[in-house]
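Undergrad: Take a look at the following structure, please.
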Amino acid sequence: MPGPSALIDMQEVTKVYQMGETKVLALDGVSLSIEEGEYVAIVGTSGSGKSTLMNIVGLLDRPTDGVYQIRGHSAGDLTGRQLADLRNREIGFVFQQFNLLARAPAWRQVELPLFYAGIARSASRQRALESLAQVGLADRADHKPEELSGGQQQRVAIARALVNRPGLLLADEPTGALDTRTGEEVMTLFEKLHAEGLTLIIITHDQEVADRARRAITMRDGAIISDSRGAAATAAPGGTNGLREPALAPLPRPAVMEQIEEKVYETG
Amino acid sequence: MKLVRYFPVAFDSIAANKMRASLTMLGIIIGVAAVLTILGIGRGASESILGEVASQGTTRLTISPVTETEGEGAGSPVQTLTMGDVKALADPAFHPDVVEVVPQYAGNLQLVAGSNNSQVRVTGTTAAYADVLRLEMAEGRFLTEDEVTQMSNVIVIGTTVASDLFERTQVVGESVRIDGEPYTVVGVLEESGNAGFGSNDESGFIPIGAAHGRVFNVPRYRGEYVVTSISADALSEERVEAAELQIEQTLRLRHGLNAEDDNDFSVSTQASLLETIDTVTGTLTLLLSSSAAISLVVGGIGIMNIMLVSVTERTKEIGLRKALGAHTSDVLLQFLIESLVLTLLGGLIGIAISYGAALLVSRIPNFSFDLLIGFDALIMAVGVSAGCGLVFGLYPAMRATQLDPIEALRYE
């Protein structure tokens, strides 16, 4: 069993999709543990199950079988509302296609998670601007998506993912729609955020992106076929490899998280 | 859960799609404007007619024969109302609440003056007719009691008759011919100002005796000339009903009706006429506004249609919102409030348009009535449009909540 500090803990997670008559086994007994402050790449070709894994990690989907825990909450025991609240406060999503709202200025995009966190509009604008400054777009707050470059749009999306100060950033092919140079910019930004203590999971089919991560998990046919932490652990017993040292400092947990936990325990 | 929070979201979304939003609202705008304008026309016309009727005196009673229901003359009035009845009703001892009793015998006649002629509704009556019917004179005077008792060859005509026969209206002293017999014009009536209800512009009035004895071939009943109607005035508005009963009693007695027999005459009062008009205009307004209401429903369905399209179009947005932590209720309320805002805005614009129409109508000179839009109609318009928004927005909003966030995010 992993330590209590594990951010993500999966035990024998299986996901079966019903496609008409046939059943598709998307995840086949995946066990995985990710600690606070890790920088993980999940690599695999399309159809390897990495997107399904991400949906389950991101609480967008529930496992068919097995146990998935995030910060000690078992996803299977949570209601739809509790899952939504956890997504809102605990996970920042970054998508390949940015998924920005059409015709809304950047600060409105970034503000969105704060709206669902129930924060008043007067306060949320300030928070959104701070978040935009964090990704270097302080001077683009009033620009609409069509007035921004692809790299800038992705940075707006990252600012949106960060605005609720989540512990975990989940990025699905974040550089997939960008050219090499802007992709590099985005990766540098991710690494800066990781250095500041954010847990980062990047789903990619790009081996170059995967190579930059501290830990690479390779998937095929719904199963993990290699995990570089597992490899590192066998190479150097004790677990740490020194490089991750600054990132391992536990994050200050947002106050809202405590409230969610209370709610969860009440209903659970 | 503060609902107010969703309104800025709805406004943002509407502002982002101004064209689509205004086309969506068009149905509601037209519906609300149509309903309010038609209700306004109905109410305005009704007030105008009622005002006109009331201006002719609310104390008046009109006695007319009922129509024959069987036999050869079915459909024509029974010939039992006579000058004898008029004399009897004029007796104040039995009819303390009846102050004036005026007989009328009316028929269509050809009036000739020089080379002009005109088909005119000529009524034989008495001098009191002008008072009871509140007639105003433009020229000369009405028939005098002397002229009536002496059955003089005199006539009072309306303005249209005057201009038809003489091409002018100052025609007192001129002569017109009825069946070759000359009649002197002693007065011209004031123009009624409208071609509608209660106009005397195309009428002529002669002494009742002349009508009975010379002009018309009037039948007799029990030795007395028949009349086509009798007008009477009650002492006051409060005594109208009492006067009606007194008249009814006398006429039943005189016509020898048994207790089980129906009246062979009818007494109608201005009050009952007002009531009838009110009912008729009410029914017409209801009829018209229900057809206008159909356009409201069509507008509502338009909203539902656009909202459904909008849900499909914004599948990805909905998926994103869910990924970012939106509850099912957040998505539901977002779409519901969006359609509510659309219909309410449409409703308000519709109200503005109907008020504009009312203002326009009131500026048209000689238009016979104003558009009257009541507060109750406004409340109804706002309520109906908001109701449309909620009812027709509900299904698309529920569709939106049922989207699977993963599928929605993947949607292209």
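Ligands are numbered from 1 in the order shown, chains are lettered A, B, ... in the order of the structure tokens, and residues start at 1 in each chain.
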For Leu109 of chain B, list every protein, DNA or RNA residue within 12 Å, evaluated using only C-alpha atoms, and leave out those in the same chain fewer than 3 positions away; present the list as a PyMOL selection string.
TA: chain B and resi 106+112+117-124+161+176-180+202-206+211+215-216
Undergrad: For the residues in the current selection, export C-alpha atoms as a PDB file, in the first residue's frame.
TA:
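The resulting file, result.pdb, is reproduced below:
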```pdb
ATOM      1  CA  ALA B 106     -90.537  54.370 -39.774  1.00  0.00           C
ATOM      2  CA  VAL B 112     -87.153  64.449 -54.252  1.00  0.00           C
ATOM      3  CA  ASN B 117     -83.622  62.303 -55.168  1.00  0.00           C
ATOM      4  CA  SER B 118     -82.534  60.235 -52.217  1.00  0.00           C
ATOM      5  CA  GLN B 119     -83.670  57.065 -50.492  1.00  0.00           C
ATOM      6  CA  VAL B 120     -84.232  58.076 -46.869  1.00  0.00           C
ATOM      7  CA  ARG B 121     -85.347  56.356 -43.673  1.00  0.00           C
ATOM      8  CA  VAL B 122     -88.313  58.558 -42.720  1.00  0.00           C
ATOM      9  CA  THR B 123     -89.745  58.361 -39.210  1.00  0.00           C
ATOM     10  CA  GLY B 124     -93.092  59.733 -38.224  1.00  0.00           C
ATOM     11  CA  VAL B 161     -79.882  63.925 -46.818  1.00  0.00           C
ATOM     12  CA  VAL B 176     -88.828  68.361 -50.681  1.00  0.00           C
ATOM     13  CA  ARG B 177     -91.392  66.081 -52.274  1.00  0.00           C
ATOM     14  CA  ILE B 178     -92.682  62.787 -50.930  1.00  0.00           C
ATOM     15  CA  ASP B 179     -94.997  61.051 -53.403  1.00  0.00           C
ATOM     16  CA  GLY B 180     -95.374  64.358 -55.206  1.00  0.00           C
ATOM     17  CA  GLU B 202     -79.400  59.812 -43.346  1.00  0.00           C
ATOM     18  CA  SER B 203     -82.800  60.162 -41.687  1.00  0.00           C
ATOM     19  CA  GLY B 204     -85.852  62.305 -42.069  1.00  0.00           C
ATOM     20  CA  PHE B 205     -88.577  63.097 -39.498  1.00  0.00           C
ATOM     21  CA  ILE B 206     -92.206  64.063 -40.151  1.00  0.00           C
ATOM     22  CA  ALA B 211     -96.841  59.264 -41.618  1.00  0.00           C
ATOM     23  CA  VAL B 215     -97.323  58.811 -46.416  1.00  0.00           C
ATOM     24  CA  PHE B 216     -97.385  55.187 -45.395  1.00  0.00           C
TER      25      PHE B 216
END
```
Undergrad: Kindly determine which residues of chain B lie within 7 Å of chain A, considering only C-alpha atoms, and give the answer as number ranges by chain.
TA: B: 16, 317, 320, 323-327, 405-406
Undergrad: For N, CA and C atoms, I'd like the residues from the last selection saved as an mmCIF file, in the first residue's frame.
TA:
```
data_model
loop_
_atom_site.group_PDB
_atom_site.id
_atom_site.type_symbol
_atom_site.label_atom_id
_atom_site.label_comp_id
_atom_site.auth_asym_id
_atom_site.auth_seq_id
_atom_site.Cartn_x
_atom_site.Cartn_y
_atom_site.Cartn_z
ATOM 1 N N ALA B 16 -22.988 37.600 -26.927
ATOM 2 C CA ALA B 16 -22.033 36.967 -27.842
ATOM 3 C C ALA B 16 -22.724 36.515 -29.130
ATOM 4 N N GLU B 317 -18.837 23.395 -24.940
ATOM 5 C CA GLU B 317 -18.838 24.347 -23.829
ATOM 6 C C GLU B 317 -19.432 23.715 -22.574
ATOM 7 N N LEU B 320 -16.973 21.356 -21.113
ATOM 8 C CA LEU B 320 -15.918 22.103 -20.440
ATOM 9 C C LEU B 320 -16.396 22.608 -19.083
ATOM 10 N N ALA B 323 -16.388 19.888 -16.689
ATOM 11 C CA ALA B 323 -15.033 19.529 -16.266
ATOM 12 C C ALA B 323 -14.508 20.550 -15.269
ATOM 13 N N LEU B 324 -14.895 21.801 -15.451
ATOM 14 C CA LEU B 324 -14.405 22.848 -14.558
ATOM 15 C C LEU B 324 -15.179 22.909 -13.249
ATOM 16 N N GLY B 325 -16.134 22.007 -13.079
ATOM 17 C CA GLY B 325 -16.789 21.926 -11.773
ATOM 18 C C GLY B 325 -18.247 22.336 -11.755
ATOM 19 N N ALA B 326 -18.866 22.545 -12.943
ATOM 20 C CA ALA B 326 -20.277 22.904 -12.954
ATOM 21 C C ALA B 326 -21.120 21.713 -12.511
ATOM 22 N N HIS B 327 -22.055 21.960 -11.605
ATOM 23 C CA HIS B 327 -23.016 20.927 -11.229
ATOM 24 C C HIS B 327 -24.058 20.806 -12.335
ATOM 25 N N PRO B 405 -19.785 14.620 -19.914
ATOM 26 C CA PRO B 405 -18.702 15.579 -20.115
ATOM 27 C C PRO B 405 -17.584 15.062 -21.018
ATOM 28 N N ILE B 406 -17.303 13.755 -20.956
ATOM 29 C CA ILE B 406 -16.213 13.222 -21.788
ATOM 30 C C ILE B 406 -16.596 13.313 -23.253
#
```
Undergrad: Could you tell me how far atom CA of Leu81 of chain B lies from atom CA of Ser229 of chain B, in Å and to one decimal?
TA: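 Atom CA of Ser229 of chain B lies 7.6 Å from atom CA of Leu81 of chain B.
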Undergrad: Measuring between only C-alpha atoms, which one of B:Phe166, B:Tyr129, B:Phe142, B:Tyr105 shows the shortest distance to Tyr225 of chain B?
TA: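 That would be B:Tyr105, the residue with the smallest distance to Tyr225 of chain B.
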Undergrad: Would you mind telling me which residue in B:Ser329, B:Gln110, B:Ala386, B:Ser310 lies nearest to Ile14 of chain B when using only C-alpha atoms?
TA: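 The shortest atom-to-atom distance to Ile14 of chain B comes from B:Ser310.
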Undergrad: Between B:Ile303, B:Leu296, B:Val331, B:Val280, which residue has the minimum interatomic distance to Ala45 of chain B, considering only C-alpha atoms?
TA: B:Val280
Undergrad: Would you compute the distance between atom CA of Thr269 of chain B and atom CA of Gly84 of chain B? Give it in Å to one decimal.
TA: 21.7 Å
Undergrad: So that I can see what lies close to Glu244 of chain B, please list as number ranges by chain the residues with an atom at most 12 Å from it, counting only C-alpha atoms and leaving out residues fewer than 4 positions away in the same chain.
TA: B: 59-63, 89, 95-98, 231-235, 237-240, 248-251, 265-272
Undergrad: Report as number ranges by chain all protein, DNA and RNA residues lying within 10 Å of segment 128-141 of chain A, evaluated on only C-alpha atoms, omitting residues in the same chain fewer than 5 positions from it.
TA: A: 105-114, 123, 147-148, 152-165, 186, 189-190, 192-193
Undergrad: Contacts of Tyr183 of chain B at 10 Å or less, counting only C-alpha atoms, minus same-chain residues fewer than 6 places along, as a list in words?
TA: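 Listing them by chain and then by number gives Leu111, Ser152, Asn153, Val154, Ile155, Val156, Gly173, Glu174, Ser175, Val176, Arg177 and Ile206 of chain B.
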Undergrad: Write to file, as an mmCIF file, in the first residue's frame, the residues of the selection just made, with N, CA and C atoms.
TA:
```cif
data_model
loop_
_atom_site.group_PDB
_atom_site.id
_atom_site.type_symbol
_atom_site.label_atom_id
_atom_site.label_comp_id
_atom_site.auth_asym_id
_atom_site.auth_seq_id
_atom_site.Cartn_x
_atom_site.Cartn_y
_atom_site.Cartn_z
ATOM 1 N N LEU B 111 -87.154 60.713 -51.383
ATOM 2 C CA LEU B 111 -87.298 62.162 -51.241
ATOM 3 C C LEU B 111 -86.778 62.830 -52.508
ATOM 4 N N SER B 152 -98.888 68.811 -40.138
ATOM 5 C CA SER B 152 -98.384 69.719 -41.166
ATOM 6 C C SER B 152 -97.420 69.004 -42.096
ATOM 7 N N ASN B 153 -97.286 69.545 -43.314
ATOM 8 C CA ASN B 153 -96.320 68.997 -44.262
ATOM 9 C C ASN B 153 -94.945 69.600 -44.000
ATOM 10 N N VAL B 154 -94.323 69.177 -42.893
ATOM 11 C CA VAL B 154 -92.984 69.664 -42.540
ATOM 12 C C VAL B 154 -92.067 68.464 -42.339
ATOM 13 N N ILE B 155 -90.759 68.697 -42.512
ATOM 14 C CA ILE B 155 -89.803 67.602 -42.363
ATOM 15 C C ILE B 155 -88.499 68.138 -41.766
ATOM 16 N N VAL B 156 -87.868 67.291 -40.910
ATOM 17 C CA VAL B 156 -86.524 67.574 -40.387
ATOM 18 C C VAL B 156 -85.622 66.519 -40.997
ATOM 19 N N GLY B 173 -86.492 76.007 -44.975
ATOM 20 C CA GLY B 173 -87.387 76.767 -45.851
ATOM 21 C C GLY B 173 -87.496 76.156 -47.228
ATOM 22 N N GLU B 174 -86.553 75.292 -47.586
ATOM 23 C CA GLU B 174 -86.632 74.617 -48.884
ATOM 24 C C GLU B 174 -87.740 73.569 -48.849
ATOM 25 N N SER B 175 -88.046 73.045 -50.003
ATOM 26 C CA SER B 175 -89.155 72.093 -50.080
ATOM 27 C C SER B 175 -88.679 70.776 -50.686
ATOM 28 N N VAL B 176 -89.116 69.673 -50.093
ATOM 29 C CA VAL B 176 -88.828 68.361 -50.681
ATOM 30 C C VAL B 176 -90.159 67.680 -50.979
ATOM 31 N N ARG B 177 -90.140 66.754 -51.912
ATOM 32 C CA ARG B 177 -91.392 66.081 -52.274
ATOM 33 C C ARG B 177 -91.356 64.611 -51.851
ATOM 34 N N ILE B 206 -90.971 63.324 -39.832
ATOM 35 C CA ILE B 206 -92.206 64.063 -40.151
ATOM 36 C C ILE B 206 -93.201 63.818 -39.024
#
```
Undergrad: Taking the chain letters and numbering used in this document, name the residues of segment 125-291 of chain B that DSSP puts in strand (DSSP E or B), as a count of residues only.
TA: 43
Undergrad: Please tabulate, as JSON lines, the residues of segment 69-187 of chain A that come within 12 Å of segment 34-47 of chain A, each with its closest pair of atoms and the distance in Å to one decimal, counting only C-alpha atoms and ordering rows by chain, then residue number upward.
TA:
```
{"residue": "A:Gln69", "atom": "CA", "partner": "A:Ile34", "partner_atom": "CA", "distance": 10.6}
{"residue": "A:Ile70", "atom": "CA", "partner": "A:Ile34", "partner_atom": "CA", "distance": 9.6}
{"residue": "A:Arg71", "atom": "CA", "partner": "A:Glu36", "partner_atom": "CA", "distance": 9.4}
{"residue": "A:Gly72", "atom": "CA", "partner": "A:Glu35", "partner_atom": "CA", "distance": 11.8}
{"residue": "A:Pro166", "atom": "CA", "partner": "A:Glu36", "partner_atom": "CA", "distance": 11.6}
{"residue": "A:Gly167", "atom": "CA", "partner": "A:Glu36", "partner_atom": "CA", "distance": 7.8}
{"residue": "A:Leu168", "atom": "CA", "partner": "A:Glu36", "partner_atom": "CA", "distance": 8.2}
{"residue": "A:Leu169", "atom": "CA", "partner": "A:Tyr39", "partner_atom": "CA", "distance": 9.7}
{"residue": "A:Leu170", "atom": "CA", "partner": "A:Val40", "partner_atom": "CA", "distance": 9.8}
{"residue": "A:Ala171", "atom": "CA", "partner": "A:Ala41", "partner_atom": "CA", "distance": 9.4}
{"residue": "A:Asp172", "atom": "CA", "partner": "A:Ile42", "partner_atom": "CA", "distance": 9.5}
{"residue": "A:Glu173", "atom": "CA", "partner": "A:Val43", "partner_atom": "CA", "distance": 10.0}
{"residue": "A:Pro174", "atom": "CA", "partner": "A:Ala41", "partner_atom": "CA", "distance": 11.6}
{"residue": "A:Met187", "atom": "CA", "partner": "A:Tyr39", "partner_atom": "CA", "distance": 11.7}
```
Undergrad: Using C-alpha atoms, can you write the selected residues to a file as a PDB file, in the first residue's frame?
TA:
```
ATOM      1  CA  GLN A  69      -8.739   7.323  -4.502  1.00  0.00           C
ATOM      2  CA  ILE A  70      -7.773  10.962  -4.809  1.00  0.00           C
ATOM      3  CA  ARG A  71      -6.455  12.509  -1.601  1.00  0.00           C
ATOM      4  CA  GLY A  72      -7.959   9.596   0.209  1.00  0.00           C
ATOM      5  CA  PRO A 166      -5.594  23.049  -7.463  1.00  0.00           C
ATOM      6  CA  GLY A 167      -3.065  20.492  -6.248  1.00  0.00           C
ATOM      7  CA  LEU A 168      -3.093  18.623  -9.537  1.00  0.00           C
ATOM      8  CA  LEU A 169      -2.739  19.819 -13.117  1.00  0.00           C
ATOM      9  CA  LEU A 170      -3.966  17.339 -15.707  1.00  0.00           C
ATOM     10  CA  ALA A 171      -2.852  18.116 -19.255  1.00  0.00           C
ATOM     11  CA  ASP A 172      -4.093  16.120 -22.257  1.00  0.00           C
ATOM     12  CA  GLU A 173      -1.699  16.564 -25.219  1.00  0.00           C
ATOM     13  CA  PRO A 174      -1.100  20.201 -24.193  1.00  0.00           C
ATOM     14  CA  MET A 187       6.383  23.022 -21.492  1.00  0.00           C
TER      15      MET A 187
END
```
Undergrad: Might you pull out every residue within 8 Å of Thr67 of chain B, with only C-alpha atoms counted and same-chain residues fewer than 4 positions away left off, and present them as a list in words?
TA: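 The filter keeps Ala74, Gly75, Ser76, Pro77 and Val78 of chain B.
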Undergrad: I need the residue nearest Ala10 of chain B from this list: B:Asp404, B:Ala358, B:Asp330, B:Ile373. Use only C-alpha atoms for the distance.
TA: B:Asp330
Undergrad: Check the DSSP output for the backbone and give back, as a list in words, the residues of segment 51-97 of chain B in alpha helix (DSSP H).
TA: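 Listing alpha helix (DSSP H) positions across segment 51-97 of chain B yields Gly51, Glu52, Val53, Ala54, Ser55, Met83, Gly84, Asp85, Val86, Lys87, Ala88 and Leu89 of chain B.
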Undergrad: Considering only C-alpha atoms, can you say which of A:Ala223, A:Val94, A:Ile8, A:Ala75 comes closest to Ile203 of chain A?
TA: A:Val94
Undergrad: Measure the distance from atom CA of Gly300 of chain B to atom CA of Ala377 of chain B in Å and round it to one decimal.
TA: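 Between atom CA of Gly300 of chain B and atom CA of Ala377 of chain B the gap is 18.5 Å.
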